[in-house]
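Reproduced below: query-v8.csv, with CSV, C-alpha atoms.
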```
chain,number,residue,atom,x,y,z
H,1,MET,CA,7.9,-121.7,-117.9
H,2,GLN,CA,6.8,-125.4,-118.0
H,3,LYS,CA,6.1,-126.8,-121.4
H,4,PRO,CA,3.4,-129.3,-122.1
H,5,THR,CA,4.5,-132.9,-122.1
H,6,LEU,CA,3.5,-133.0,-125.8
H,7,THR,CA,2.0,-130.5,-128.2
H,8,ASN,CA,-0.3,-130.9,-131.3
H,9,ILE,CA,-1.2,-134.4,-130.3
H,10,ARG,CA,-4.6,-136.2,-129.8
H,11,ILE,CA,-5.0,-139.4,-127.8
H,12,ARG,CA,-7.1,-141.9,-129.6
H,13,SER,CA,-7.1,-144.8,-127.2
H,14,VAL,CA,-6.0,-146.1,-123.8
H,15,GLU,CA,-3.1,-147.7,-125.6
H,16,ASP,CA,-2.0,-144.2,-126.8
H,17,ALA,CA,-2.3,-142.9,-123.2
H,18,HIS,CA,-0.2,-145.9,-121.9
H,19,VAL,CA,2.6,-145.2,-124.4
H,20,ILE,CA,2.7,-141.5,-123.3
H,21,LEU,CA,2.6,-142.5,-119.6
H,22,TYR,CA,5.3,-145.1,-120.1
H,23,ALA,CA,7.5,-142.6,-121.9
H,24,THR,CA,7.2,-140.2,-119.0
H,25,HIS,CA,7.7,-143.0,-116.5
H,26,ARG,CA,11.0,-143.9,-118.3
H,27,GLY,CA,12.0,-140.2,-118.4
H,28,PHE,CA,11.7,-139.9,-122.2
H,29,LEU,CA,9.1,-137.2,-121.9
H,30,ASN,CA,8.7,-134.5,-119.2
H,31,VAL,CA,6.3,-134.7,-116.3
H,32,ILE,CA,4.7,-131.5,-115.2
H,33,THR,CA,6.0,-130.9,-111.7
H,34,SER,CA,3.9,-127.9,-110.4
H,35,ARG,CA,0.6,-126.3,-111.0
H,36,LEU,CA,0.4,-124.2,-114.1
H,37,ASP,CA,1.0,-120.5,-113.4
H,38,ALA,CA,-1.0,-117.7,-115.0
H,39,ASP,CA,1.2,-117.5,-118.1
H,40,GLU,CA,1.1,-121.3,-118.6
H,41,ARG,CA,-2.7,-121.4,-118.2
H,42,GLN,CA,-3.0,-118.6,-120.8
H,43,ALA,CA,-0.7,-120.5,-123.2
H,44,LEU,CA,-2.9,-123.7,-123.1
H,45,ARG,CA,-3.8,-124.7,-126.7
H,46,PRO,CA,-5.6,-127.5,-128.5
H,47,GLY,CA,-3.3,-130.5,-128.8
H,48,ASP,CA,-1.5,-129.8,-125.5
H,49,VAL,CA,-0.9,-133.0,-123.5
H,50,TYR,CA,0.1,-132.7,-119.8
H,51,VAL,CA,1.3,-135.6,-117.7
H,52,TRP,CA,1.6,-135.1,-113.9
H,53,ILE,CA,1.8,-137.3,-110.9
H,54,GLU,CA,-0.6,-136.8,-108.1
H,55,GLY,CA,1.0,-136.1,-104.8
H,56,ASN,CA,-0.3,-136.2,-101.2
H,57,HIS,CA,-1.6,-133.3,-99.1
H,58,GLN,CA,1.9,-131.8,-98.9
H,59,ALA,CA,2.6,-132.0,-102.6
H,60,ASP,CA,2.8,-128.3,-103.2
H,61,ILE,CA,5.2,-127.9,-100.2
H,62,THR,CA,7.5,-130.9,-100.9
H,63,GLY,CA,7.4,-130.7,-104.7
H,64,LEU,CA,6.6,-134.4,-104.9
H,65,GLY,CA,3.6,-134.4,-107.2
H,66,ILE,CA,0.7,-132.1,-107.7
H,67,MET,CA,-2.3,-132.3,-105.4
H,68,ARG,CA,-4.9,-130.9,-107.8
H,69,TRP,CA,-4.7,-129.8,-111.4
H,70,THR,CA,-5.7,-126.2,-112.2
H,71,ASP,CA,-5.9,-124.8,-115.7
H,72,GLY,CA,-7.9,-121.7,-114.9
H,73,ARG,CA,-11.0,-122.7,-116.9
H,74,LYS,CA,-14.5,-123.6,-116.0
H,75,TRP,CA,-15.6,-127.1,-117.0
H,76,SER,CA,-18.9,-129.0,-117.3
H,77,GLN,CA,-19.5,-132.2,-115.3
H,78,SER,CA,-17.5,-135.2,-116.6
H,79,ARG,CA,-18.8,-137.6,-119.1
H,80,THR,CA,-17.3,-141.1,-119.4
H,81,ARG,CA,-16.5,-142.6,-122.8
H,82,ASP,CA,-14.3,-145.8,-122.9
H,83,GLU,CA,-11.9,-145.3,-120.0
H,84,PHE,CA,-11.6,-141.5,-120.4
H,85,LEU,CA,-13.4,-138.6,-118.7
H,86,TYR,CA,-14.4,-135.7,-120.9
H,87,TYR,CA,-15.2,-132.2,-119.8
H,88,GLU,CA,-16.6,-129.3,-122.0
H,89,GLU,CA,-15.4,-125.8,-121.3
H,90,GLU,CA,-18.0,-123.5,-120.0
H,91,ASP,CA,-18.0,-119.7,-120.3
H,92,PRO,CA,-18.1,-118.1,-116.8
H,93,ASN,CA,-20.1,-115.2,-118.3
H,94,GLY,CA,-22.6,-117.4,-120.1
H,95,ASP,CA,-21.6,-116.2,-123.5
H,96,TYR,CA,-21.4,-119.8,-124.9
H,97,ALA,CA,-25.1,-120.3,-124.1
H,98,ARG,CA,-26.0,-117.1,-126.1
H,99,ALA,CA,-23.6,-118.1,-128.9
H,100,ASP,CA,-25.2,-121.6,-129.1
H,101,ARG,CA,-28.4,-119.9,-130.3
H,102,GLY,CA,-26.4,-118.5,-133.2
H,103,THR,CA,-24.9,-115.1,-133.9
H,104,LEU,CA,-25.4,-112.7,-136.8
H,105,SER,CA,-22.3,-114.0,-138.4
H,106,GLY,CA,-23.4,-117.6,-137.9
H,107,LYS,CA,-20.1,-118.4,-136.1
H,108,ARG,CA,-19.9,-120.0,-132.7
H,109,PRO,CA,-17.0,-119.9,-130.3
H,110,GLN,CA,-14.9,-123.0,-130.1
H,111,ARG,CA,-15.2,-124.7,-126.8
H,112,MET,CA,-12.2,-126.5,-125.5
H,113,VAL,CA,-12.7,-130.2,-124.5
H,114,LYS,CA,-10.5,-131.7,-121.8
H,115,GLN,CA,-9.9,-135.5,-122.0
H,116,THR,CA,-8.4,-137.1,-118.9
H,117,TYR,CA,-7.1,-140.6,-117.9
H,118,SER,CA,-5.4,-141.8,-114.7
H,119,ALA,CA,-3.4,-144.9,-114.0
H,120,MET,CA,-1.1,-146.4,-111.3
H,121,VAL,CA,2.2,-148.0,-112.1
H,122,ALA,CA,1.9,-151.7,-111.1
H,123,PRO,CA,2.6,-153.8,-109.2
H,124,THR,CA,3.6,-151.4,-106.4
H,125,ALA,CA,3.3,-147.7,-106.7
H,126,LEU,CA,5.7,-145.7,-104.7
H,127,ARG,CA,4.1,-142.5,-106.0
H,128,GLY,CA,0.5,-141.4,-106.7
H,129,PRO,CA,-1.3,-142.0,-109.9
H,130,TYR,CA,-0.1,-140.7,-113.2
H,131,ARG,CA,-2.7,-138.2,-114.7
H,132,ILE,CA,-2.8,-137.3,-118.3
H,133,TYR,CA,-4.8,-134.3,-119.5
H,134,THR,CA,-5.2,-133.3,-123.1
H,135,TYR,CA,-7.1,-130.5,-124.7
H,136,TYR,CA,-8.8,-130.1,-128.1
H,137,THR,CA,-11.7,-128.4,-129.9
H,138,ASP,CA,-14.1,-130.1,-132.2
H,139,ASN,CA,-12.5,-128.3,-135.2
H,140,SER,CA,-8.9,-129.0,-134.1
H,141,ILE,CA,-9.1,-132.8,-133.3
H,142,ARG,CA,-8.9,-133.8,-137.0
H,143,LEU,CA,-5.9,-131.6,-137.5
H,144,LEU,CA,-3.9,-132.9,-134.5
H,145,GLY,CA,-1.2,-135.5,-134.9
H,146,THR,CA,-0.9,-138.9,-133.2
H,147,ILE,CA,1.9,-140.7,-131.4
H,148,ASP,CA,2.4,-142.7,-134.6
H,149,ALA,CA,4.2,-139.6,-136.0
H,150,ILE,CA,6.7,-139.5,-133.2
H,151,PRO,CA,9.4,-142.2,-133.8
H,152,GLU,CA,10.4,-142.4,-130.1
H,153,LEU,CA,6.8,-143.2,-129.2
H,154,ARG,CA,5.6,-145.1,-132.2
H,155,ASP,CA,7.9,-148.0,-131.5
H,156,LEU,CA,7.8,-147.9,-127.7
H,157,GLN,CA,6.5,-151.2,-126.2
H,158,VAL,CA,4.6,-150.9,-122.9
H,159,PRO,CA,5.1,-153.9,-120.7
H,160,PRO,CA,1.7,-155.7,-120.4
H,161,GLY,CA,-0.1,-154.9,-117.0
H,162,LEU,CA,2.3,-152.1,-116.1
H,163,PHE,CA,-0.6,-149.6,-115.8
H,164,THR,CA,-3.8,-150.0,-113.9
H,165,ARG,CA,-6.6,-147.5,-114.5
H,166,VAL,CA,-7.7,-145.5,-111.5
H,167,LYS,CA,-10.4,-142.9,-111.0
```

Can the structure in the file be given as structure tokens, please?
Amino acid sequence: MQKPTLTNIRIRSVEDAHVILYATHRGFLNVITSRLDADERQALRPGDVYVWIEGNHQADITGLGIMRWTDGRKWSQSRTRDEFLYYEEEDPNGDYARADRGTLSGKRPQRMVKQTYSAMVAPTALRGPYRIYTYYTDNSIRLLGTIDAIPELRDLQVPPGLFTRVK
């Protein structure tokens, strides 16, 4: 079973994303090499960070990158904030809409939020773009750690201009 690139982490900025991407580029952190299977999708938790490299149309056959990320969840349309895309989890049965009106207990289900960022390695990219996907809930985000708590990442210096944002 593939493990997330990082767990219990939130990404605060593009600089955080670049440090994580650089650590995977250098081989310090693992890159996800295939689509998540059913067990891996079920195990997805707030604070999970996944880094993968987009491949070409033969990616799933050759094993050189992933063509399309699948996490088994239904997501809203993207919203852009800073250089990230954000998606809110939607309930395929419409239960979130009912829950948003409130319940007898006053509790609402916690929707997952997916935060994504994509960048190419400059100046020449021999592979597709690096993609970073992280997940959290509104309640979990304040409880998640940052890369500052990981010594190997905290002191990692990303060469200026190494990553160029792509959509």

Legend entry - Within 9 Å of segment 34-50 of chain H using all atoms listed in the file, minus same-chain residues under 5 positions, as number ranges by chain: H: 1-11, 59-60, 63-73, 112-113, 131-137, 140-141, 144-145

Please produce a file of the residues just selected, as an mmCIF file, keeping the file's coordinate frame, where the atoms kept are C-alpha atoms.
```cif
data_model
loop_
_atom_site.group_PDB
_atom_site.id
_atom_site.type_symbol
_atom_site.label_atom_id
_atom_site.label_comp_id
_atom_site.auth_asym_id
_atom_site.auth_seq_id
_atom_site.Cartn_x
_atom_site.Cartn_y
_atom_site.Cartn_z
ATOM 1 C CA MET H 1 7.900 -121.700 -117.900
ATOM 2 C CA GLN H 2 6.800 -125.400 -118.000
ATOM 3 C CA LYS H 3 6.100 -126.800 -121.400
ATOM 4 C CA PRO H 4 3.400 -129.300 -122.100
ATOM 5 C CA THR H 5 4.500 -132.900 -122.100
ATOM 6 C CA LEU H 6 3.500 -133.000 -125.800
ATOM 7 C CA THR H 7 2.000 -130.500 -128.200
ATOM 8 C CA ASN H 8 -0.300 -130.900 -131.300
ATOM 9 C CA ILE H 9 -1.200 -134.400 -130.300
ATOM 10 C CA ARG H 10 -4.600 -136.200 -129.800
ATOM 11 C CA ILE H 11 -5.000 -139.400 -127.800
ATOM 12 C CA ALA H 59 2.600 -132.000 -102.600
ATOM 13 C CA ASP H 60 2.800 -128.300 -103.200
ATOM 14 C CA GLY H 63 7.400 -130.700 -104.700
ATOM 15 C CA LEU H 64 6.600 -134.400 -104.900
ATOM 16 C CA GLY H 65 3.600 -134.400 -107.200
ATOM 17 C CA ILE H 66 0.700 -132.100 -107.700
ATOM 18 C CA MET H 67 -2.300 -132.300 -105.400
ATOM 19 C CA ARG H 68 -4.900 -130.900 -107.800
ATOM 20 C CA TRP H 69 -4.700 -129.800 -111.400
ATOM 21 C CA THR H 70 -5.700 -126.200 -112.200
ATOM 22 C CA ASP H 71 -5.900 -124.800 -115.700
ATOM 23 C CA GLY H 72 -7.900 -121.700 -114.900
ATOM 24 C CA ARG H 73 -11.000 -122.700 -116.900
ATOM 25 C CA MET H 112 -12.200 -126.500 -125.500
ATOM 26 C CA VAL H 113 -12.700 -130.200 -124.500
ATOM 27 C CA ARG H 131 -2.700 -138.200 -114.700
ATOM 28 C CA ILE H 132 -2.800 -137.300 -118.300
ATOM 29 C CA TYR H 133 -4.800 -134.300 -119.500
ATOM 30 C CA THR H 134 -5.200 -133.300 -123.100
ATOM 31 C CA TYR H 135 -7.100 -130.500 -124.700
ATOM 32 C CA TYR H 136 -8.800 -130.100 -128.100
ATOM 33 C CA THR H 137 -11.700 -128.400 -129.900
ATOM 34 C CA SER H 140 -8.900 -129.000 -134.100
ATOM 35 C CA ILE H 141 -9.100 -132.800 -133.300
ATOM 36 C CA LEU H 144 -3.900 -132.900 -134.500
ATOM 37 C CA GLY H 145 -1.200 -135.500 -134.900
#
```

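Closest approach to Gln157 of chain H among H:Asp16, H:Asp138, H:Asp82, H:Glu89: H:Asp16, based on all atoms listed in the file.
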
Inset, instruction - Compile the contact shell of Ala119 of chain H as a ChimeraX atom specification: residues with an atom at most 8 Å away, counting only C-alpha atoms, same-chain residues fewer than 5 positions apart removed. - result: /H:129-131,163-167

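Distances here use only C-alpha atoms; by that measure, the residue among H:Arg111, H:Val14, H:Ser76, H:Ile20 closest to Leu153 of chain H is H:Ile20.
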
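As for atom CA of Val51 of chain H and atom CA of His18 of chain H, they are spaced 11.2 Å apart.
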
Inset, instruction - Calculate how many Å separate atom CA of Arg154 of chain H from atom CA of Val19 of chain H, rounding to one decimal. - result: 8.4 Å

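Distance-wise, atom CA of Leu162 of chain H and atom CA of Ala122 of chain H end up 5.0 Å apart.
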
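Using only C-alpha atoms, the shortest contact distance between Ile32 of chain H and any of H:Leu143, H:Leu85, H:Ile53, H:Ile150 is found at H:Ile53.
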